[in-house]
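Peer 1: Here you go, this is input.cif (mmCIF, C-alpha atoms).
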```
data_run
#
loop_
_atom_site.label_atom_id
_atom_site.label_comp_id
_atom_site.auth_asym_id
_atom_site.auth_seq_id
_atom_site.Cartn_x
_atom_site.Cartn_y
_atom_site.Cartn_z
CA MET A 1 -0.82 13.60 21.52
CA LEU A 2 -1.54 9.97 22.30
CA PRO A 3 -1.30 8.82 25.91
CA GLU A 4 2.22 7.66 26.70
CA GLN A 5 2.68 3.93 26.30
CA THR A 6 4.01 2.14 29.34
CA GLY A 7 5.32 -1.36 29.76
CA ALA A 8 5.57 -1.98 25.99
CA GLN A 9 8.54 -3.96 24.81
CA THR A 10 10.23 -2.99 21.58
CA ALA A 11 10.47 -5.84 19.09
CA PRO A 12 14.04 -6.90 18.29
CA ASN A 13 15.48 -4.92 15.41
CA PRO A 14 17.00 -7.16 12.73
CA HIS A 15 18.97 -4.29 11.20
CA ASP A 16 22.71 -3.93 11.20
CA ALA A 17 25.14 -2.23 8.81
CA GLY A 18 24.37 -2.61 5.11
CA ILE A 19 21.43 -4.33 3.43
CA ALA A 20 22.51 -7.79 2.34
CA GLY A 21 23.13 -10.57 4.80
CA ARG A 22 20.85 -9.46 7.62
CA ALA A 23 18.92 -12.03 9.57
CA VAL A 24 15.21 -12.08 8.94
CA ARG A 25 12.33 -12.88 11.24
CA THR A 26 10.44 -16.12 11.01
CA PRO A 27 7.10 -15.53 9.25
CA ILE A 28 4.33 -14.66 11.70
CA ARG A 29 1.60 -17.22 12.02
CA PRO A 30 -2.03 -16.11 11.88
CA ASP A 31 -3.14 -14.91 15.31
CA PRO A 32 -6.58 -16.21 16.31
CA HIS A 33 -6.59 -13.94 19.37
CA GLY A 34 -6.60 -10.74 17.37
CA GLN A 35 -3.21 -9.44 18.50
CA GLY A 36 -1.84 -8.82 15.01
CA LEU A 37 -2.09 -5.04 14.95
CA GLN A 38 -1.21 -4.76 18.63
CA ARG A 39 2.02 -6.60 17.82
CA PHE A 40 2.93 -3.91 15.32
CA ARG A 41 1.93 -1.12 17.71
CA THR A 42 4.17 -2.63 20.40
CA ALA A 43 7.06 -2.81 17.95
CA LYS A 44 6.73 0.98 17.53
CA ALA A 45 7.19 1.78 21.23
CA GLY A 46 10.90 2.48 20.84
CA GLU A 47 10.28 4.71 17.82
CA ILE A 48 7.66 6.75 19.69
CA ALA A 49 9.99 7.11 22.66
CA ARG A 50 12.82 8.32 20.40
CA LEU A 51 10.62 10.86 18.65
CA THR A 52 9.22 12.05 21.98
CA ALA A 53 12.74 12.68 23.29
CA LEU A 54 13.72 14.53 20.11
CA ASN A 55 10.61 16.65 20.34
CA ALA A 56 11.26 17.53 23.99
CA ALA A 57 14.79 18.57 23.08
CA GLY A 58 13.58 20.62 20.11
CA ARG A 59 15.51 18.41 17.72
CA LEU A 60 12.82 16.92 15.50
CA PRO A 61 13.98 17.02 11.87
CA ALA A 62 12.67 19.96 9.84
CA PRO A 63 10.11 19.35 7.10
CA PHE A 64 11.52 18.40 3.71
CA ARG A 65 11.87 21.44 1.44
CA GLY A 66 12.50 19.71 -1.86
CA PRO A 67 9.97 18.69 -4.53
CA ARG A 68 7.08 16.56 -3.34
CA PRO A 69 5.15 15.39 -6.44
CA SER A 70 1.43 14.90 -5.96
CA PHE A 71 0.49 11.34 -5.07
CA ARG A 72 -3.19 11.98 -5.66
CA ALA A 73 -2.64 13.51 -9.11
CA ALA A 74 -0.56 10.52 -10.22
CA LEU A 75 -3.39 8.06 -9.56
CA ARG A 76 -5.09 8.37 -12.89
CA THR A 77 -6.49 5.52 -14.98
CA ARG A 78 -4.10 4.32 -17.65
CA PRO A 79 -5.09 4.81 -21.30
CA ASP A 80 -5.72 1.08 -21.68
CA GLY A 81 -8.32 1.15 -18.93
CA LEU A 82 -6.22 -0.42 -16.19
CA PRO A 83 -5.92 1.23 -12.78
CA ALA A 84 -2.80 3.22 -11.96
CA VAL A 85 -0.16 1.03 -10.33
CA ILE A 86 1.48 1.80 -7.00
CA ALA A 87 4.53 -0.48 -7.08
CA GLU A 88 5.96 -1.46 -3.72
CA TYR A 89 9.48 -1.90 -2.38
CA LYS A 90 8.95 -4.75 0.05
CA ARG A 91 11.95 -6.70 1.31
CA ALA A 92 10.07 -8.95 3.75
CA SER A 93 6.64 -9.41 5.25
CA PRO A 94 5.18 -10.94 8.42
CA SER A 95 3.38 -13.68 6.49
CA ALA A 96 6.11 -14.56 3.97
CA GLY A 97 9.38 -13.80 5.76
CA ALA A 98 12.21 -12.72 3.46
CA ILE A 99 11.04 -11.77 -0.04
CA ALA A 100 13.86 -9.88 -1.74
CA PRO A 101 16.23 -8.66 0.99
CA ASP A 102 19.17 -7.95 -1.32
CA LEU A 103 17.46 -5.62 -3.81
CA LEU A 104 18.62 -2.04 -3.35
CA PRO A 105 15.95 0.67 -3.11
CA GLU A 106 17.58 2.80 -5.82
CA ASP A 107 17.59 -0.08 -8.29
CA VAL A 108 13.98 -1.01 -7.59
CA ALA A 109 12.83 2.61 -7.93
CA ARG A 110 14.52 2.84 -11.33
CA GLN A 111 13.02 -0.44 -12.53
CA TYR A 112 9.52 0.56 -11.48
CA ALA A 113 9.79 4.00 -13.07
CA GLU A 114 10.92 2.44 -16.35
CA SER A 115 8.15 -0.18 -16.26
CA GLY A 116 5.04 1.95 -15.94
CA ALA A 117 4.47 2.53 -12.23
CA ALA A 118 2.53 5.70 -11.35
CA CYS A 119 3.74 5.86 -7.74
CA LEU A 120 5.94 3.89 -5.35
CA SER A 121 5.05 2.42 -1.98
CA VAL A 122 7.98 2.06 0.42
CA LEU A 123 7.78 -0.23 3.45
CA THR A 124 9.62 1.57 6.24
CA GLU A 125 8.65 -0.62 9.22
CA GLU A 126 11.84 -2.17 10.57
CA ALA A 127 11.01 -5.06 12.89
CA TYR A 128 8.80 -7.17 10.63
CA PHE A 129 9.21 -5.75 7.11
CA ARG A 130 12.96 -4.99 7.20
CA GLY A 131 12.24 -1.45 6.09
CA ASP A 132 13.84 1.87 6.93
CA PRO A 133 12.55 5.46 6.61
CA ALA A 134 15.90 6.28 4.99
CA PHE A 135 14.79 4.29 1.93
CA LEU A 136 12.45 7.16 1.03
CA ALA A 137 15.31 9.55 0.26
CA ARG A 138 16.99 6.85 -1.82
CA MET A 139 13.89 6.29 -3.98
CA ALA A 140 12.86 9.87 -4.74
CA GLY A 141 11.45 10.54 -8.21
CA LEU A 142 7.93 9.17 -8.57
CA PRO A 143 5.48 10.10 -5.80
CA LEU A 144 6.28 8.04 -2.69
CA LEU A 145 3.89 6.49 -0.18
CA ARG A 146 5.38 5.79 3.24
CA LYS A 147 3.79 2.49 4.25
CA ASP A 148 4.17 1.87 7.97
CA PHE A 149 2.19 1.61 11.20
CA LEU A 150 1.58 5.26 11.97
CA PHE A 151 -0.67 6.31 14.83
CA HIS A 152 1.16 9.16 16.62
CA PRO A 153 1.42 12.82 15.54
CA LEU A 154 5.21 12.74 15.86
CA GLN A 155 5.33 9.99 13.25
CA ILE A 156 3.55 12.35 10.89
CA ALA A 157 6.16 15.04 11.57
CA GLU A 158 8.94 12.51 10.98
CA THR A 159 7.41 11.53 7.64
CA ALA A 160 7.20 15.19 6.64
CA ALA A 161 10.98 15.38 6.97
CA THR A 162 11.34 12.87 4.10
CA PRO A 163 10.57 13.22 0.36
CA ALA A 164 7.38 11.16 0.79
CA SER A 165 4.31 12.49 -0.98
CA ALA A 166 1.85 10.40 1.05
CA LEU A 167 1.59 8.25 4.15
CA LEU A 168 -0.58 5.36 5.24
CA LEU A 169 -3.08 5.50 8.10
CA ILE A 170 -4.91 2.32 9.12
CA VAL A 171 -8.41 2.71 10.56
CA ARG A 172 -8.08 -0.34 12.81
CA LEU A 173 -4.86 1.05 14.25
CA THR A 174 -6.49 4.43 14.92
CA PRO A 175 -10.21 3.68 15.32
CA ASP A 176 -10.87 6.96 17.13
CA VAL A 177 -12.38 9.30 14.53
CA ALA A 178 -11.01 12.44 16.18
CA LEU A 179 -7.46 11.07 16.21
CA LEU A 180 -7.73 9.77 12.66
CA ARG A 181 -8.95 13.17 11.50
CA ARG A 182 -6.13 14.92 13.37
CA LEU A 183 -3.47 12.70 11.82
CA ARG A 184 -4.94 13.20 8.35
CA GLU A 185 -5.14 16.95 8.77
CA GLU A 186 -1.58 17.17 10.11
CA ALA A 187 -0.32 15.16 7.15
CA GLU A 188 -2.16 17.40 4.70
CA GLY A 189 -0.82 20.45 6.53
CA PHE A 190 2.67 19.26 5.60
CA GLY A 191 1.63 18.77 1.97
CA LEU A 192 1.27 14.99 2.29
CA ASP A 193 -1.68 12.97 1.05
CA ALA A 194 -3.17 10.61 3.63
CA VAL A 195 -4.05 7.15 2.33
CA VAL A 196 -6.54 5.64 4.79
CA GLU A 197 -6.74 1.86 4.83
CA VAL A 198 -9.96 -0.03 5.50
CA PHE A 199 -11.00 -3.66 5.52
CA ASP A 200 -14.80 -3.52 5.65
CA ALA A 201 -17.83 -1.25 5.62
CA ALA A 202 -17.45 -0.32 9.30
CA ASP A 203 -13.87 0.83 8.69
CA LEU A 204 -15.02 2.77 5.63
CA ALA A 205 -17.64 4.61 7.68
CA LEU A 206 -14.95 5.68 10.17
CA ALA A 207 -12.60 6.74 7.38
CA ARG A 208 -15.29 8.88 5.77
CA ALA A 209 -16.29 10.36 9.12
CA ALA A 210 -12.67 11.46 9.51
CA GLY A 211 -12.80 13.21 6.13
CA SER A 212 -10.55 10.76 4.28
CA ARG A 213 -10.20 11.39 0.55
CA ILE A 214 -7.98 8.47 -0.49
CA ILE A 215 -9.38 5.07 0.53
CA GLN A 216 -7.26 1.93 0.34
CA VAL A 217 -9.12 -1.36 0.68
CA ASN A 218 -6.83 -4.10 1.93
CA ALA A 219 -7.90 -7.61 0.95
CA ARG A 220 -5.54 -9.00 3.61
CA ASP A 221 -6.84 -9.12 7.17
CA LEU A 222 -3.92 -8.01 9.36
CA GLU A 223 -5.14 -10.15 12.24
CA SER A 224 -5.42 -13.48 10.39
CA PHE A 225 -3.36 -12.61 7.26
CA ALA A 226 -6.09 -14.24 5.16
CA VAL A 227 -6.63 -12.64 1.73
CA ASP A 228 -10.15 -12.20 0.36
CA ARG A 229 -9.90 -10.41 -2.96
CA ALA A 230 -13.60 -10.92 -3.66
CA ALA A 231 -14.55 -9.09 -0.45
CA CYS A 232 -12.34 -6.18 -1.50
CA LEU A 233 -14.16 -5.95 -4.84
CA ARG A 234 -17.57 -6.27 -3.19
CA LEU A 235 -16.83 -3.34 -0.89
CA ALA A 236 -16.05 -1.14 -3.87
CA ASP A 237 -19.10 -2.39 -5.75
CA ALA A 238 -21.31 -1.48 -2.80
CA PHE A 239 -19.80 1.83 -1.68
CA ARG A 240 -17.44 3.29 -4.28
CA HIS A 241 -20.11 5.55 -5.77
CA ASP A 242 -21.82 6.31 -2.45
CA ALA A 243 -19.54 9.19 -1.44
CA ASN A 244 -22.26 11.84 -1.03
CA GLY A 245 -20.47 14.29 -3.28
CA ARG A 246 -17.00 13.69 -1.83
CA GLU A 247 -14.25 13.28 -4.39
CA GLU A 248 -12.54 10.04 -3.42
CA ILE A 249 -9.74 7.96 -4.88
CA TRP A 250 -9.90 4.23 -4.21
CA ILE A 251 -6.93 1.84 -4.11
CA ALA A 252 -7.11 -1.96 -4.04
CA ALA A 253 -4.31 -3.70 -2.14
CA SER A 254 -3.14 -7.29 -1.49
CA GLY A 255 -3.68 -10.46 -3.47
CA LEU A 256 -3.32 -8.81 -6.88
CA GLU A 257 -0.96 -10.77 -9.10
CA ARG A 258 -2.28 -10.90 -12.67
CA ARG A 259 -3.64 -8.54 -15.29
CA GLU A 260 -7.14 -9.90 -14.86
CA HIS A 261 -6.97 -8.92 -11.19
CA LEU A 262 -6.25 -5.33 -12.26
CA THR A 263 -9.09 -5.42 -14.76
CA ALA A 264 -11.49 -6.69 -12.11
CA ALA A 265 -10.38 -3.90 -9.77
CA ALA A 266 -11.02 -1.29 -12.46
CA ASP A 267 -14.45 -2.79 -13.18
CA ALA A 268 -15.31 -2.54 -9.47
CA GLY A 269 -14.45 1.15 -9.46
CA PHE A 270 -10.89 1.25 -8.16
CA ASP A 271 -8.70 4.06 -9.46
CA ALA A 272 -5.42 2.36 -8.52
CA VAL A 273 -3.93 -0.89 -7.28
CA LEU A 274 -0.99 -1.54 -5.00
CA LEU A 275 1.29 -4.40 -6.07
CA GLY A 276 4.01 -5.65 -3.74
CA THR A 277 4.93 -9.28 -3.19
CA ALA A 278 3.88 -10.28 -6.72
CA LEU A 279 6.53 -7.92 -8.10
CA MET A 280 9.33 -8.39 -5.58
CA ARG A 281 9.45 -12.12 -4.96
CA GLY A 282 11.13 -13.08 -8.24
CA GLY A 283 13.99 -10.62 -7.76
CA ARG A 284 13.16 -8.69 -10.97
CA PRO A 285 10.38 -6.31 -9.98
CA GLY A 286 10.52 -4.20 -13.13
CA GLU A 287 10.12 -7.21 -15.40
CA ALA A 288 7.30 -8.53 -13.23
CA LEU A 289 5.44 -5.22 -13.49
CA ARG A 290 5.85 -5.07 -17.27
CA ALA A 291 4.63 -8.66 -17.59
CA ILE A 292 1.42 -7.79 -15.75
CA LEU A 293 0.77 -4.53 -17.58
CA ASP A 294 1.63 -5.88 -21.02
CA ALA A 295 -0.06 -9.27 -20.69
CA ASP A 296 -2.42 -10.13 -23.51
CA VAL A 297 -6.07 -9.98 -22.53
CA GLN A 298 -7.35 -13.53 -22.79
CA THR A 299 -10.73 -14.13 -24.41
CA PRO A 300 -12.99 -16.32 -22.23
CA PRO A 301 -13.20 -19.90 -23.65
CA ASP A 302 -16.95 -19.76 -24.30
CA LYS A 303 -16.64 -16.46 -26.12
CA ALA A 304 -13.62 -17.68 -28.09
CA GLN A 305 -15.58 -20.76 -29.22
CA ALA A 306 -18.48 -18.56 -30.34
CA ASN A 307 -16.12 -16.30 -32.25
CA LYS A 308 -14.51 -19.30 -33.91
CA ALA A 309 -17.90 -20.67 -34.99
CA GLN A 310 -18.93 -17.28 -36.36
CA THR A 311 -15.65 -16.98 -38.26
CA GLY A 312 -16.20 -20.42 -39.73
CA ARG A 313 -19.66 -19.47 -40.97
CA GLU A 314 -18.35 -16.27 -42.47
CA GLY A 315 -15.51 -18.11 -44.17
CA THR A 316 -17.88 -20.47 -46.02
CA SER A 317 -20.39 -17.90 -47.12
CA CYS A 318 -20.36 -16.66 -50.70
CA PRO A 319 -19.98 -12.99 -51.44
CA ALA A 320 -23.14 -11.26 -52.56
CA ARG A 321 -23.62 -11.22 -56.29
#
```
Kindly present the structure from the file in structure tokens form.
Peer 2:
Amino acid sequence: MLPEQTGAQTAPNPHDAGIAGRAVRTPIRPDPHGQGLQRFRTAKAGEIARLTALNAAGRLPAPFRGPRPSFRAALRTRPDGLPAVIAEYKRASPSAGAIAPDLLPEDVARQYAESGAACLSVLTEEAYFRGDPAFLARMAGLPLLRKDFLFHPLQIAETAATPASALLLIVRLTPDVALLRRLREEAEGFGLDAVVEVFDAADLALARAAGSRIIQVNARDLESFAVDRAACLRLADAFRHDANGREEIWIAASGLERREHLTAAADAGFDAVLLGTALMRGGRPGEALRAILDADVQTPPDKAQANKAQTGREGTSCPAR
């Protein structure tokens, strides 16, 4: 168990009855003092206290007994060479504020399933992302990833009581290798895959030391909120095939909005990509996903010009006699 937190203030909860019409937080500005992740940890103090009380009273919810489709098995490269898509239900974010607060989880799950998603990611953090763990039960079907700020064993047990197939662990939130390994092993003991998020080579070393098998590289720095897609690709280029015999699955996350971004991720060695804001912000996430997956591959201008010149030469040549 983690040491008990003292003196932490729970962030105001914007939730009330229903989904539509709730107030939303003002977008968070980049924090030059590096308090971004600590802000999210503090917002979880009330949740940890609630789970601790339930555990002491012997009233933690029992593990989910229904079907839990394999998250790992679903992350297979598509026939057209693109990475598998993890499509995200994301109603708000700290950097953008409200994104699509009125879209119901059931409707979004159906749209994604019909549009080619391999898995779903569900934001369940309440204070800043307007999520709710209850969304997981409402989106069951495709394998579900619970995306939240999880750093306590009781949060793993709570996740196991839902239909989620996987959960997110963030190295910078749990930089202690022993704790990260414990959380991963407890998740796997419940039949959940642990997706371990990293930002750089140092994070990756910790993730591998903890035995992580699914690596998610986030191009967005959670302290500054800056997105560096190129750095994400460089990390995969440098380390994707340096697993020393470990079978790993790699996921690229953040800043991916177009088909060429998916192609670049596949070329760098990523097995899957996570798409969130790019799908949700227009209010038609299924259509947005189809548009990305079905977009025509554009020929680079220089290559197109060369092809055109070659075609012209072929068109004026005479057939052999």
Peer 1: Check the smallest atom-to-atom distance from each of A:Thr52, A:Ser224, A:Thr162, A:Asn244 to Arg138 of chain A using only C-alpha atoms, then report the winner.
Peer 2: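 Looking at the shortest contact to Arg138 of chain A, the residue is A:Thr162.
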Peer 1: Excluding segment 229-236 of chain A and any residue of its chain fewer than 6 positions from it, enumerate the residues within 7 Å of it, using only C-alpha atoms, and give them as an MDAnalysis selection string.
Peer 2: chainID A and resid 200:201 217:219 255 265 268:269
Peer 1: Can you give me, as a PyMOL selection string, the residues this file yields under the PyMOL selection byres ((chain A and resi 41) around 12)?
Peer 2: chain A and resi 5+8-11+35-40+42-48+125+127-128+148-152+170+172-174
Peer 1: Taking (-2.3, 8.6, -0.2) in the file's coordinates, which residues come within 8 Å, counting all atoms listed in the file, written as a PDB file with C-alpha atoms, keeping the file's coordinate frame?
Peer 2:
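Dumped everything to selection25.pdb:
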```pdb
ATOM      1  CA  PHE A  71       0.490  11.340  -5.070  1.00  0.00           C
ATOM      2  CA  ARG A  72      -3.190  11.980  -5.660  1.00  0.00           C
ATOM      3  CA  LEU A 145       3.890   6.490  -0.180  1.00  0.00           C
ATOM      4  CA  SER A 165       4.310  12.490  -0.980  1.00  0.00           C
ATOM      5  CA  ALA A 166       1.850  10.400   1.050  1.00  0.00           C
ATOM      6  CA  LEU A 167       1.590   8.250   4.150  1.00  0.00           C
ATOM      7  CA  LEU A 168      -0.580   5.360   5.240  1.00  0.00           C
ATOM      8  CA  LEU A 192       1.270  14.990   2.290  1.00  0.00           C
ATOM      9  CA  ASP A 193      -1.680  12.970   1.050  1.00  0.00           C
ATOM     10  CA  ALA A 194      -3.170  10.610   3.630  1.00  0.00           C
ATOM     11  CA  VAL A 195      -4.050   7.150   2.330  1.00  0.00           C
ATOM     12  CA  VAL A 196      -6.540   5.640   4.790  1.00  0.00           C
ATOM     13  CA  ILE A 214      -7.980   8.470  -0.490  1.00  0.00           C
ATOM     14  CA  ILE A 215      -9.380   5.070   0.530  1.00  0.00           C
TER      15      ILE A 215
END
```
Peer 1: Which residue gives the smallest distance to Gly286 of chain A among A:Ala207, A:Ala73, A:Ala137, A:Leu103, with only C-alpha atoms counted?
Peer 2: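 Using only C-alpha atoms, Gly286 of chain A sits closest to A:Leu103.
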Peer 1: Point out the residue among A:Val227, A:Pro67, A:Arg213, A:Ala264 with the least atom-to-atom distance to Gly245 of chain A, counting all atoms listed in the file.
Peer 2: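 So, comparing all the options, the nearest one is A:Arg213.
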Peer 1: Using all atoms listed in the file, which of A:Glu247, A:Glu186, A:Asp102, A:Glu257 sits nearest Ala291 of chain A?
Peer 2: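 So, comparing all the options, the nearest one is A:Glu257.
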Peer 1: List every protein, DNA or RNA residue that has an atom no more than 12 Å from (-6.6, 3.4, -8.3) in the file's coordinate frame, counting all atoms listed in the file, and report them as number ranges by chain.
Peer 2: A: 71-78, 81-87, 117-119, 195, 214-217, 236, 240, 248-253, 262-275
Peer 1: One decimal, in Å: what's the spacing between atom CA of Glu287 of chain A and atom CA of Glu114 of chain A?
Peer 2: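 Distance between the two atoms: 9.7 Å.
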Peer 1: How many Å lie between atom CA of Gly131 of chain A and atom CA of Asp107 of chain A, rounded to one decimal?
Peer 2: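 These atoms are spaced 15.4 Å apart.
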Peer 1: List as number ranges by chain the protein and nucleic acid residues near Val108 of chain A, meaning an atom at most 12 Å away when all atoms listed in the file are counted, but skip any in the same chain fewer than 4 places from it.
Peer 2: A: 87-91, 100-104, 112-115, 117, 120-122, 135-136, 138-142, 276, 279-280, 283-289
Peer 1: At a cut-off of 9 Å, using all atoms listed in the file, what residues contact Ala157 of chain A? Leave out same-chain residues fewer than 3 positions from it and give the result as a VMD selection string.
Peer 2: chain A and resid 60 to 63 153 to 154 160 to 161 186 to 187 190
